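J.: Quick one, my_file-v7.cif (mmCIF, C-alpha atoms):
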data_model
#
loop_
_atom_site.group_PDB
_atom_site.id
_atom_site.type_symbol
_atom_site.label_atom_id
_atom_site.label_comp_id
_atom_site.auth_asym_id
_atom_site.auth_seq_id
_atom_site.Cartn_x
_atom_site.Cartn_y
_atom_site.Cartn_z
ATOM 1 C CA MET A 1316 0.000 0.000 0.000
ATOM 2 C CA ALA A 1317 1.476 3.308 -0.985
ATOM 3 C CA ALA A 1318 1.603 5.650 1.925
ATOM 4 C CA ALA A 1319 0.305 9.112 1.186
ATOM 5 C CA SER A 1320 3.087 11.515 1.741
ATOM 6 C CA VAL A 1321 2.305 14.985 2.843
ATOM 7 C CA GLU A 1322 4.854 17.594 1.983
ATOM 8 C CA ALA A 1323 5.585 20.088 4.683
ATOM 9 C CA PRO A 1324 4.741 23.578 3.437
ATOM 10 C CA ARG A 1325 7.865 25.338 2.195
ATOM 11 C CA LYS A 1326 8.844 28.215 4.391
ATOM 12 C CA ARG A 1327 9.652 31.543 2.810
ATOM 13 C CA SER A 1328 12.270 33.475 4.683
ATOM 14 C CA SER A 1329 13.185 37.123 4.506
ATOM 15 C CA ARG A 1330 16.854 36.161 4.756
ATOM 16 C CA ILE A 1331 18.773 37.059 1.618
ATOM 17 C CA PRO A 1332 21.782 35.197 0.169
ATOM 18 C CA LEU A 1333 25.034 36.900 1.080
ATOM 19 C CA THR A 1334 26.098 36.832 -2.567
ATOM 20 C CA TYR A 1335 23.240 39.180 -3.461
ATOM 21 C CA VAL A 1336 24.292 41.604 -0.747
ATOM 22 C CA VAL A 1337 27.947 41.492 -1.808
ATOM 23 C CA ALA A 1338 26.873 42.179 -5.402
ATOM 24 C CA LEU A 1339 24.135 44.728 -4.782
ATOM 25 C CA VAL A 1340 25.742 47.039 -2.191
ATOM 26 C CA PRO A 1341 28.820 48.061 -4.268
ATOM 27 C CA VAL A 1342 26.673 48.434 -7.393
ATOM 28 C CA ALA A 1343 24.292 50.685 -5.473
ATOM 29 C CA VAL A 1344 27.201 52.821 -4.256
ATOM 30 C CA ALA A 1345 28.498 53.081 -7.815
ATOM 31 C CA LEU A 1346 25.012 54.005 -9.043
ATOM 32 C CA ASN A 1347 24.790 56.789 -6.458
ATOM 33 C CA ILE A 1348 28.206 58.160 -7.367
ATOM 34 C CA VAL A 1349 27.570 58.045 -11.113
ATOM 35 C CA GLY A 1350 24.159 59.679 -10.640
ATOM 36 C CA GLY A 1351 25.689 62.434 -8.538
ATOM 37 C CA GLN A 1352 28.492 63.028 -11.043
ATOM 38 C CA ILE A 1353 26.072 63.197 -13.990
ATOM 39 C CA ASN A 1354 23.892 65.584 -11.991
ATOM 40 C CA GLY A 1355 26.887 67.800 -11.279
ATOM 41 C CA ILE A 1356 28.161 67.798 -14.851
ATOM 42 C CA LEU A 1357 24.746 68.628 -16.287
ATOM 43 C CA LYS A 1358 24.060 71.117 -13.463
ATOM 44 C CA LEU A 1359 20.614 69.655 -12.888
ATOM 45 C CA PRO A 1360 18.338 70.999 -10.137
ATOM 46 C CA THR A 1361 18.424 67.644 -8.361
ATOM 47 C CA PHE A 1362 20.998 65.446 -6.641
ATOM 48 C CA LEU A 1363 20.400 61.946 -8.123
ATOM 49 C CA ASP A 1364 22.765 60.444 -5.562
ATOM 50 C CA MET A 1365 20.267 58.277 -3.684
ATOM 51 C CA ILE A 1366 18.842 55.932 -6.324
ATOM 52 C CA GLY A 1367 21.100 53.085 -5.193
ATOM 53 C CA THR A 1368 20.323 53.894 -1.573
ATOM 54 C CA ALA A 1369 16.609 53.531 -2.277
ATOM 55 C CA VAL A 1370 17.090 50.211 -4.078
ATOM 56 C CA VAL A 1371 19.145 48.673 -1.279
ATOM 57 C CA ALA A 1372 17.044 50.137 1.548
ATOM 58 C CA ILE A 1373 13.866 48.725 0.031
ATOM 59 C CA VAL A 1374 15.232 45.341 -1.072
ATOM 60 C CA LEU A 1375 17.837 44.479 1.567
ATOM 61 C CA GLY A 1376 16.767 46.637 4.479
ATOM 62 C CA PRO A 1377 17.082 50.134 5.933
ATOM 63 C CA TRP A 1378 20.442 49.584 7.597
ATOM 64 C CA TRP A 1379 22.032 48.065 4.483
ATOM 65 C CA GLY A 1380 20.779 51.225 2.789
ATOM 66 C CA ALA A 1381 22.458 53.280 5.504
ATOM 67 C CA LEU A 1382 25.745 51.496 4.743
ATOM 68 C CA VAL A 1383 25.296 52.348 1.049
ATOM 69 C CA GLY A 1384 24.522 55.967 1.895
ATOM 70 C CA ALA A 1385 27.516 56.401 4.170
ATOM 71 C CA SER A 1386 29.861 54.654 1.718
ATOM 72 C CA THR A 1387 28.567 56.780 -1.164
ATOM 73 C CA ASN A 1388 29.432 60.075 0.467
ATOM 74 C CA ILE A 1389 32.765 58.818 1.786
ATOM 75 C CA ILE A 1390 33.890 57.646 -1.660
ATOM 76 C CA ALA A 1391 32.400 60.716 -3.364
ATOM 77 C CA SER A 1392 34.405 62.953 -1.040
ATOM 78 C CA PHE A 1393 37.588 61.496 -2.556
ATOM 79 C CA ILE A 1394 36.312 62.342 -6.042
ATOM 80 C CA SER A 1395 34.535 65.668 -5.626
ATOM 81 C CA GLY A 1396 36.001 67.082 -2.427
ATOM 82 C CA PRO A 1397 34.927 67.089 1.228
ATOM 83 C CA ILE A 1398 31.748 69.166 0.822
ATOM 84 C CA GLY A 1399 29.586 66.088 0.313
ATOM 85 C CA LEU A 1400 30.730 64.190 3.392
ATOM 86 C CA PRO A 1401 28.519 65.933 5.986
ATOM 87 C CA PHE A 1402 25.531 65.170 3.760
ATOM 88 C CA ALA A 1403 26.094 61.467 4.364
ATOM 89 C CA ALA A 1404 23.657 61.998 7.234
ATOM 90 C CA CYS A 1405 20.971 62.852 4.656
ATOM 91 C CA ASN A 1406 21.723 59.690 2.717
ATOM 92 C CA VAL A 1407 21.469 57.612 5.911
ATOM 93 C CA VAL A 1408 18.179 59.265 6.905
ATOM 94 C CA GLY A 1409 16.758 58.619 3.446
ATOM 95 C CA ALA A 1410 17.739 54.948 3.655
ATOM 96 C CA LEU A 1411 16.118 54.532 7.079
ATOM 97 C CA VAL A 1412 12.872 56.222 6.052
ATOM 98 C CA TRP A 1413 12.581 54.304 2.755
ATOM 99 C CA GLY A 1414 13.488 50.987 4.343
ATOM 100 C CA TYR A 1415 11.246 51.230 7.402
ATOM 101 C CA ALA A 1416 8.314 52.759 5.508
ATOM 102 C CA ILE A 1417 8.207 49.816 3.088
ATOM 103 C CA ARG A 1418 8.649 47.298 5.902
ATOM 104 C CA MET A 1419 5.854 48.907 7.913
ATOM 105 C CA GLY A 1420 3.513 48.288 5.000
ATOM 106 C CA PHE A 1421 3.454 51.674 3.299
ATOM 107 C CA GLY A 1422 4.049 51.836 -0.423
ATOM 108 C CA LYS A 1423 1.746 48.978 -1.412
ATOM 109 C CA THR A 1424 0.111 51.111 -4.087
ATOM 110 C CA PHE A 1425 1.712 53.548 -6.493
ATOM 111 C CA TRP A 1426 0.044 56.506 -4.763
ATOM 112 C CA SER A 1427 1.292 55.465 -1.343
ATOM 113 C CA PHE A 1428 4.741 54.754 -2.787
ATOM 114 C CA GLY A 1429 4.776 58.295 -4.146
ATOM 115 C CA LEU A 1430 3.792 59.524 -0.715
ATOM 116 C CA VAL A 1431 6.663 57.565 0.834
ATOM 117 C CA ASN A 1432 9.036 59.393 -1.529
ATOM 118 C CA VAL A 1433 7.559 62.734 -0.420
ATOM 119 C CA VAL A 1434 8.061 61.799 3.244
ATOM 120 C CA VAL A 1435 11.662 60.809 2.474
ATOM 121 C CA ALA A 1436 12.184 64.194 0.814
ATOM 122 C CA PHE A 1437 10.821 65.961 3.890
ATOM 123 C CA PHE A 1438 13.040 64.128 6.355
ATOM 124 C CA VAL A 1439 16.125 64.459 4.149
ATOM 125 C CA SER A 1440 15.520 68.210 3.863
ATOM 126 C CA LEU A 1441 15.098 68.476 7.626
ATOM 127 C CA THR A 1442 18.485 66.802 7.999
ATOM 128 C CA ALA A 1443 20.140 68.875 5.281
ATOM 129 C CA VAL A 1444 19.067 72.331 6.475
ATOM 130 C CA PRO A 1445 21.181 72.452 9.676
ATOM 131 C CA ILE A 1446 24.159 71.139 7.675
ATOM 132 C CA TYR A 1447 23.692 73.846 5.072
ATOM 133 C CA VAL A 1448 23.282 76.621 7.638
ATOM 134 C CA PHE A 1449 25.747 75.703 10.398
ATOM 135 C CA ILE A 1450 28.599 74.272 8.322
ATOM 136 C CA PHE A 1451 28.289 75.984 4.946
ATOM 137 C CA GLY A 1452 26.524 79.217 5.844
ATOM 138 C CA GLY A 1453 23.602 78.414 3.548
ATOM 139 C CA ALA A 1454 25.414 77.756 0.263
ATOM 140 C CA THR A 1455 27.488 74.939 -1.203
ATOM 141 C CA GLY A 1456 27.510 75.846 -4.896
ATOM 142 C CA HIS A 1457 24.459 73.749 -5.751
ATOM 143 C CA PHE A 1458 21.605 74.942 -7.947
ATOM 144 C CA SER A 1459 19.406 75.514 -4.906
ATOM 145 C CA ASP A 1460 21.734 78.275 -3.635
ATOM 146 C CA ILE A 1461 20.224 80.660 -6.199
ATOM 147 C CA MET A 1462 16.739 80.060 -4.836
ATOM 148 C CA THR A 1463 18.043 80.388 -1.286
ATOM 149 C CA ALA A 1464 19.516 83.777 -2.172
ATOM 150 C CA ALA A 1465 16.189 84.801 -3.718
ATOM 151 C CA PHE A 1466 14.263 83.846 -0.587
ATOM 152 C CA VAL A 1467 16.788 85.664 1.624
ATOM 153 C CA GLY A 1468 16.380 88.704 -0.640
ATOM 154 C CA MET A 1469 12.633 88.557 0.007
ATOM 155 C CA GLY A 1470 13.319 88.996 3.701
ATOM 156 C CA GLN A 1471 13.113 85.398 4.898
ATOM 157 C CA ASN A 1472 15.600 84.235 7.511
ATOM 158 C CA LEU A 1473 18.346 81.866 6.436
ATOM 159 C CA PHE A 1474 16.805 78.690 7.895
ATOM 160 C CA VAL A 1475 13.467 79.260 6.175
ATOM 161 C CA SER A 1476 15.166 80.221 2.916
ATOM 162 C CA VAL A 1477 17.397 77.155 2.872
ATOM 163 C CA PHE A 1478 14.486 74.863 3.770
ATOM 164 C CA SER A 1479 12.218 76.409 1.152
ATOM 165 C CA SER A 1480 14.735 75.931 -1.633
ATOM 166 C CA ASN A 1481 15.981 72.558 -0.450
ATOM 167 C CA ILE A 1482 12.507 70.997 -0.047
ATOM 168 C CA LEU A 1483 11.683 71.731 -3.697
ATOM 169 C CA VAL A 1484 14.937 70.205 -4.918
ATOM 170 C CA SER A 1485 14.546 67.289 -2.531
ATOM 171 C CA LEU A 1486 10.952 66.604 -3.625
ATOM 172 C CA ALA A 1487 11.925 66.433 -7.286
ATOM 173 C CA ASP A 1488 14.987 64.366 -6.494
ATOM 174 C CA LYS A 1489 13.348 61.806 -4.181
ATOM 175 C CA ILE A 1490 10.294 61.312 -6.386
ATOM 176 C CA ILE A 1491 12.517 60.650 -9.394
ATOM 177 C CA SER A 1492 14.926 58.507 -7.363
ATOM 178 C CA GLY A 1493 12.156 56.489 -5.736
ATOM 179 C CA PHE A 1494 10.393 55.589 -8.969
ATOM 180 C CA VAL A 1495 13.655 54.864 -10.804
ATOM 181 C CA ALA A 1496 14.574 52.601 -7.881
ATOM 182 C CA LEU A 1497 11.198 50.872 -8.250
ATOM 183 C CA ALA A 1498 11.980 50.214 -11.920
ATOM 184 C CA ILE A 1499 15.369 48.756 -10.966
ATOM 185 C CA ILE A 1500 13.796 46.600 -8.248
ATOM 186 C CA GLU A 1501 11.320 45.284 -10.809
ATOM 187 C CA ALA A 1502 14.264 44.015 -12.857
ATOM 188 C CA LEU A 1503 15.865 42.158 -9.932
ATOM 189 C CA PRO A 1504 15.405 38.393 -9.483
ATOM 190 C CA ALA A 1505 12.027 37.494 -8.025
ATOM 191 C CA ASN A 1506 13.493 35.567 -5.084
ATOM 192 C CA LEU A 1507 15.236 38.768 -3.975
ATOM 193 C CA THR A 1508 11.992 40.740 -3.811
ATOM 194 C CA SER A 1509 9.442 38.059 -2.893
ATOM 195 C CA HIS A 1510 9.374 39.134 0.775
ATOM 196 C CA LEU A 1511 8.457 42.725 -0.157
ATOM 197 C CA THR A 1512 5.030 44.234 -0.691
ATOM 198 C CA LEU A 1513 5.545 46.750 -3.456
ATOM 199 C CA PRO A 1514 3.067 48.307 -5.914
ATOM 200 C CA LYS A 1515 1.863 45.726 -8.382
ATOM 201 C CA SER A 1516 0.434 46.243 -11.792
ATOM 202 C CA GLU A 1517 0.074 44.075 -14.855
ATOM 203 C CA GLY A 1518 1.685 44.629 -18.206
ATOM 204 C CA MET A 1519 2.346 48.227 -19.106
ATOM 205 C CA GLY A 1520 0.607 49.519 -15.985
ATOM 206 C CA LYS A 1521 3.737 49.509 -13.860
ATOM 207 C CA VAL A 1522 5.738 51.172 -16.645
ATOM 208 C CA MET A 1523 3.097 53.896 -16.875
ATOM 209 C CA TRP A 1524 3.094 54.513 -13.142
ATOM 210 C CA ILE A 1525 6.896 54.647 -12.928
ATOM 211 C CA THR A 1526 7.071 56.938 -15.923
ATOM 212 C CA GLY A 1527 4.387 59.116 -14.388
ATOM 213 C CA GLY A 1528 6.305 59.351 -11.128
ATOM 214 C CA VAL A 1529 9.499 60.376 -12.920
ATOM 215 C CA VAL A 1530 7.552 62.938 -14.968
ATOM 216 C CA VAL A 1531 6.123 64.468 -11.775
ATOM 217 C CA GLY A 1532 9.629 64.802 -10.371
ATOM 218 C CA LEU A 1533 10.855 66.365 -13.607
ATOM 219 C CA ALA A 1534 7.913 68.774 -13.596
ATOM 220 C CA ILE A 1535 8.855 69.967 -10.112
ATOM 221 C CA ALA A 1536 12.434 70.418 -11.295
ATOM 222 C CA LEU A 1537 11.254 72.397 -14.332
ATOM 223 C CA VAL A 1538 9.123 74.645 -12.138
ATOM 224 C CA MET A 1539 12.209 75.386 -10.034
ATOM 225 C CA MET A 1540 14.255 76.232 -13.105
ATOM 226 C CA MET A 1541 11.518 78.570 -14.317
ATOM 227 C CA MET A 1542 11.332 80.220 -10.900
ATOM 228 C CA GLN A 1543 15.083 80.749 -11.009
ATOM 229 C CA ALA A 1544 14.942 82.162 -14.530
ATOM 230 C CA GLN A 1545 12.214 84.638 -13.587
ATOM 231 C CA GLY A 1546 13.837 85.586 -10.275
ATOM 232 C CA MET B 1442 26.909 14.945 -2.989
ATOM 233 C CA ASP B 1443 28.348 18.151 -1.669
ATOM 234 C CA ASP B 1444 25.479 19.832 0.129
ATOM 235 C CA LYS B 1445 26.680 23.350 0.731
ATOM 236 C CA LYS B 1446 24.448 25.468 2.914
ATOM 237 C CA GLN B 1447 23.868 28.882 1.358
ATOM 238 C CA VAL B 1448 25.065 31.735 3.542
ATOM 239 C CA THR B 1449 22.229 34.182 4.094
ATOM 240 C CA VAL B 1450 21.865 37.493 5.891
ATOM 241 C CA GLY B 1451 18.900 38.944 7.715
ATOM 242 C CA ALA B 1452 17.833 41.867 9.865
ATOM 243 C CA LYS B 1453 20.585 41.393 12.446
ATOM 244 C CA GLU B 1454 23.340 41.465 9.842
ATOM 245 C CA GLY B 1455 21.730 44.462 8.170
ATOM 246 C CA LEU B 1456 21.699 46.404 11.419
ATOM 247 C CA GLY B 1457 25.332 45.502 11.964
ATOM 248 C CA ALA B 1458 26.157 46.697 8.447
ATOM 249 C CA GLY B 1459 24.479 50.025 9.127
ATOM 250 C CA ILE B 1460 26.446 50.463 12.333
ATOM 251 C CA VAL B 1461 29.639 49.684 10.386
ATOM 252 C CA GLY B 1462 28.641 52.426 7.922
ATOM 253 C CA ILE B 1463 28.232 54.904 10.771
ATOM 254 C CA ALA B 1464 31.609 53.815 12.142
ATOM 255 C CA LEU B 1465 33.208 54.421 8.716
ATOM 256 C CA LEU B 1466 31.742 57.912 8.655
ATOM 257 C CA LEU B 1467 33.059 58.608 12.143
ATOM 258 C CA GLY B 1468 36.516 57.528 11.044
ATOM 259 C CA PHE B 1469 36.581 59.994 8.162
ATOM 260 C CA LEU B 1470 35.040 62.920 10.042
ATOM 261 C CA PRO B 1471 38.175 64.466 11.605
ATOM 262 C CA ALA B 1472 40.044 64.749 8.297
ATOM 263 C CA ALA B 1473 36.913 65.874 6.463
ATOM 264 C CA SER B 1474 36.169 68.534 9.090
ATOM 265 C CA GLN B 1475 39.645 70.018 8.653
ATOM 266 C CA SER B 1476 39.338 69.890 4.846
ATOM 267 C CA ILE B 1477 35.969 71.668 4.954
ATOM 268 C CA ALA B 1478 37.284 74.291 7.392
ATOM 269 C CA ASP B 1479 40.187 74.971 5.004
ATOM 270 C CA LEU B 1480 37.782 75.931 2.181
ATOM 271 C CA ASP B 1481 37.783 79.660 1.408
ATOM 272 C CA PHE B 1482 34.052 80.247 1.785
ATOM 273 C CA ILE B 1483 33.711 78.408 5.096
ATOM 274 C CA ASN B 1484 33.744 80.544 8.229
ATOM 275 C CA SER B 1485 33.339 77.673 10.705
ATOM 276 C CA GLU B 1486 36.264 76.244 12.605
ATOM 277 C CA ALA B 1487 37.218 72.591 12.164
ATOM 278 C CA TYR B 1488 36.330 71.785 15.756
ATOM 279 C CA ALA B 1489 32.805 73.189 15.397
ATOM 280 C CA ILE B 1490 32.214 71.182 12.213
ATOM 281 C CA LEU B 1491 33.567 68.027 13.861
ATOM 282 C CA ALA B 1492 31.489 68.590 16.997
ATOM 283 C CA GLY B 1493 28.274 68.993 15.036
ATOM 284 C CA ALA B 1494 28.974 65.945 12.880
ATOM 285 C CA VAL B 1495 29.763 63.798 15.927
ATOM 286 C CA MET B 1496 26.459 64.852 17.525
ATOM 287 C CA VAL B 1497 24.597 63.737 14.393
ATOM 288 C CA MET B 1498 26.452 60.415 14.450
ATOM 289 C CA ALA B 1499 25.494 60.065 18.115
ATOM 290 C CA ILE B 1500 21.827 60.351 17.129
ATOM 291 C CA PHE B 1501 22.219 57.626 14.507
ATOM 292 C CA THR B 1502 24.100 55.386 16.928
ATOM 293 C CA GLY B 1503 21.383 55.896 19.507
ATOM 294 C CA ILE B 1504 18.706 54.976 16.961
ATOM 295 C CA ALA B 1505 20.680 51.822 16.102
ATOM 296 C CA GLY B 1506 20.875 50.933 19.778
ATOM 297 C CA LEU B 1507 17.129 51.408 20.196
ATOM 298 C CA VAL B 1508 16.513 49.183 17.177
ATOM 299 C CA VAL B 1509 18.705 46.479 18.756
ATOM 300 C CA MET B 1510 16.732 46.682 22.006
ATOM 301 C CA LEU B 1511 13.220 47.067 20.653
ATOM 302 C CA SER B 1512 13.158 45.152 17.378
ATOM 303 C CA ASN B 1513 12.600 41.482 16.864
ATOM 304 C CA LEU B 1514 15.694 40.708 14.837
ATOM 305 C CA SER B 1515 14.615 37.153 13.992
ATOM 306 C CA ASP B 1516 13.575 36.862 10.373
ATOM 307 C CA ASP B 1517 9.993 36.204 9.318
ATOM 308 C CA GLU B 1518 9.194 32.801 7.897
ATOM 309 C CA GLU B 1519 5.927 31.856 6.225
#
Before we go any further, please render this structure as C-alpha cells.

T.:
Amino acid sequence: MAAASVEAPRKRSSRIPLTYVVALVPVAVALNIVGGQINGILKLPTFLDMIGTAVVAIVLGPWWGALVGASTNIIASFISGPIGLPFAACNVVGALVWGYAIRMGFGKTFWSFGLVNVVVAFFVSLTAVPIYVFIFGGATGHFSDIMTAAFVGMGQNLFVSVFSSNILVSLADKIISGFVALAIIEALPANLTSHLTLPKSEGMGKVMWITGGVVVGLAIALVMMMMQAQG
Amino acid sequence: MDDKKQVTVGAKEGLGAGIVGIALLLGFLPAASQSIADLDFINSEAYAILAGAVMVMAIFTGIAGLVVMLSNLSDDEE
C-alpha cells in the first residue's frame, strides 16, 4: 500500500543570500556616485545620488541602505572634495525612512509609494538644512543656492530660505529617485523581492506609473528652473 | 553529494552593516572637518564642524541601539 506523503509547506524566509548583498551594495554605491556626477556635470536641479540607496534600503533593508549611503558620500568625497561628506547623514536618513516605511507596509500602491518618496524628501531636507546653515553658511555651490539667495532677498531668515529651496529640490529628487529605484527593483530576481510588498500592476501599468512618477519629479524640477529664470 | 548550505543574511546582519557604515563615517570625520574648514568660503572652525557631525552620528548610533533593544531581529518565515 502506498503511503500518502504529505509535503511540509515550504517556508519563505526574509533572509537574503550573502552573494546578493555582496553584489548589490557596491553596485548601489556606484550608481549613487555616477548619478551624482552626472547631476553635477549637467548642473541639474536635483541630486540623483540616492537611487542606489533607495534600491538597497527597500530590497535588503534600511540599515544596508544606511551602509550604502555612508559609503557613497565617503567615496564621493575622494572624487569631488569634502563638501559632500557631511551630507552622508541625509543619505542615511533617506535609507532609514525608505526601508522602514516599506517594511511597515506603506508603499503597497503607487500613490502610497509616491507619498513615501515625499516623506523621504521631507526628512532628508530636515536633515540637510542644519548642515547647510551651520557648516556651509547656507550655500554649497548647488543649484538651490540661487533660490536660497532669492528667498533671503525677500526677507526670509536663512533657515526658512534654505528649507524652502531645499525641499523643492529634494521633492523632485526623491520622487525621481524612488520611482527609478522601483523600476530597478522590478528588474531584480524574483526571489530577492518576494518578501516585499511593493506596488503591483500588470503589463504596461507599472511602466506607466513609474514613468508618471518620474515625470512628476521632472515637472517639479522644471518649475524650479523657471522660478530661477524669472527671479 | 556536496550539500553546501547557502550563507544568508537577515535583519541582524543588516543592522550591523548600518552600524559599520556609521563607524566608517566617524573615522573619516576628523580629516573631512579640517578639509571643509580649510575651504575659502567656510567661516566655521574645524572643531565646530567636527562637533556637530559627531552629535549627528550620536543620534544615529542611539537609533541603532534602540533598534537592537526594541526590534525582533529574527527573520519572518511563512

J.: Put the listed atoms of stretch 1441-1459 of chain A in a box along x, y and z with 4 Å added on every side and give me the centre and edge lengths in Å to one decimal, as lines of an AutoDock Vina configuration file.

T.:
center_x = 21.8
center_y = 73.0
center_z = 1.2
size_x = 21.5
size_y = 20.4
size_z = 26.3

J.: May I ask for the distance between atom CA of A:Asn1472 and atom CA of A:Leu1537, given in Å to one decimal place?

T.: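 Atom-to-atom, atom CA of A:Asn1472 and atom CA of A:Leu1537 are spaced 25.2 Å apart.
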
J.: Apply the PyMOL selection byres ((chain B) within 10 of (chain A)) to the displayed file and report the matching residues as an mmCIF file with C-alpha atoms, in the coordinates of the input.

T.:
data_model
loop_
_atom_site.group_PDB
_atom_site.id
_atom_site.type_symbol
_atom_site.label_atom_id
_atom_site.label_comp_id
_atom_site.auth_asym_id
_atom_site.auth_seq_id
_atom_site.Cartn_x
_atom_site.Cartn_y
_atom_site.Cartn_z
ATOM 1 C CA GLN B 1447 23.868 28.882 1.358
ATOM 2 C CA VAL B 1448 25.065 31.735 3.542
ATOM 3 C CA THR B 1449 22.229 34.182 4.094
ATOM 4 C CA VAL B 1450 21.865 37.493 5.891
ATOM 5 C CA GLY B 1451 18.900 38.944 7.715
ATOM 6 C CA ALA B 1452 17.833 41.867 9.865
ATOM 7 C CA LYS B 1453 20.585 41.393 12.446
ATOM 8 C CA GLU B 1454 23.340 41.465 9.842
ATOM 9 C CA GLY B 1455 21.730 44.462 8.170
ATOM 10 C CA LEU B 1456 21.699 46.404 11.419
ATOM 11 C CA GLY B 1457 25.332 45.502 11.964
ATOM 12 C CA ALA B 1458 26.157 46.697 8.447
ATOM 13 C CA GLY B 1459 24.479 50.025 9.127
ATOM 14 C CA ILE B 1460 26.446 50.463 12.333
ATOM 15 C CA VAL B 1461 29.639 49.684 10.386
ATOM 16 C CA GLY B 1462 28.641 52.426 7.922
ATOM 17 C CA ILE B 1463 28.232 54.904 10.771
ATOM 18 C CA ALA B 1464 31.609 53.815 12.142
ATOM 19 C CA LEU B 1465 33.208 54.421 8.716
ATOM 20 C CA LEU B 1466 31.742 57.912 8.655
ATOM 21 C CA LEU B 1467 33.059 58.608 12.143
ATOM 22 C CA PHE B 1469 36.581 59.994 8.162
ATOM 23 C CA LEU B 1470 35.040 62.920 10.042
ATOM 24 C CA ALA B 1472 40.044 64.749 8.297
ATOM 25 C CA ALA B 1473 36.913 65.874 6.463
ATOM 26 C CA SER B 1474 36.169 68.534 9.090
ATOM 27 C CA GLN B 1475 39.645 70.018 8.653
ATOM 28 C CA SER B 1476 39.338 69.890 4.846
ATOM 29 C CA ILE B 1477 35.969 71.668 4.954
ATOM 30 C CA ALA B 1478 37.284 74.291 7.392
ATOM 31 C CA LEU B 1480 37.782 75.931 2.181
ATOM 32 C CA PHE B 1482 34.052 80.247 1.785
ATOM 33 C CA ILE B 1483 33.711 78.408 5.096
ATOM 34 C CA ASN B 1484 33.744 80.544 8.229
ATOM 35 C CA SER B 1485 33.339 77.673 10.705
ATOM 36 C CA GLU B 1486 36.264 76.244 12.605
ATOM 37 C CA ALA B 1487 37.218 72.591 12.164
ATOM 38 C CA ALA B 1489 32.805 73.189 15.397
ATOM 39 C CA ILE B 1490 32.214 71.182 12.213
ATOM 40 C CA LEU B 1491 33.567 68.027 13.861
ATOM 41 C CA GLY B 1493 28.274 68.993 15.036
ATOM 42 C CA ALA B 1494 28.974 65.945 12.880
ATOM 43 C CA VAL B 1497 24.597 63.737 14.393
ATOM 44 C CA MET B 1498 26.452 60.415 14.450
ATOM 45 C CA PHE B 1501 22.219 57.626 14.507
ATOM 46 C CA ALA B 1505 20.680 51.822 16.102
ATOM 47 C CA SER B 1515 14.615 37.153 13.992
ATOM 48 C CA ASP B 1516 13.575 36.862 10.373
ATOM 49 C CA ASP B 1517 9.993 36.204 9.318
ATOM 50 C CA GLU B 1518 9.194 32.801 7.897
ATOM 51 C CA GLU B 1519 5.927 31.856 6.225
#

J.: What does the distance between atom CA of A:Gly1350 and atom CA of A:Ile1366 come to in Å, to one decimal place?

T.: 7.8 Å

J.: Is there a way to get, as a PyMOL selection string, all residues within 10 Å of the point (13.1, 47.1, -3.5) in file coordinates, counting all atoms listed in the file?

T.: chain A and resi 1369-1376+1413-1414+1417+1493+1496-1503+1507-1513

J.: In Å, how far is it from atom CA of A:Val1435 to atom CA of A:Val1412?

T.: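 Here the two named atoms are 5.9 Å from each other.
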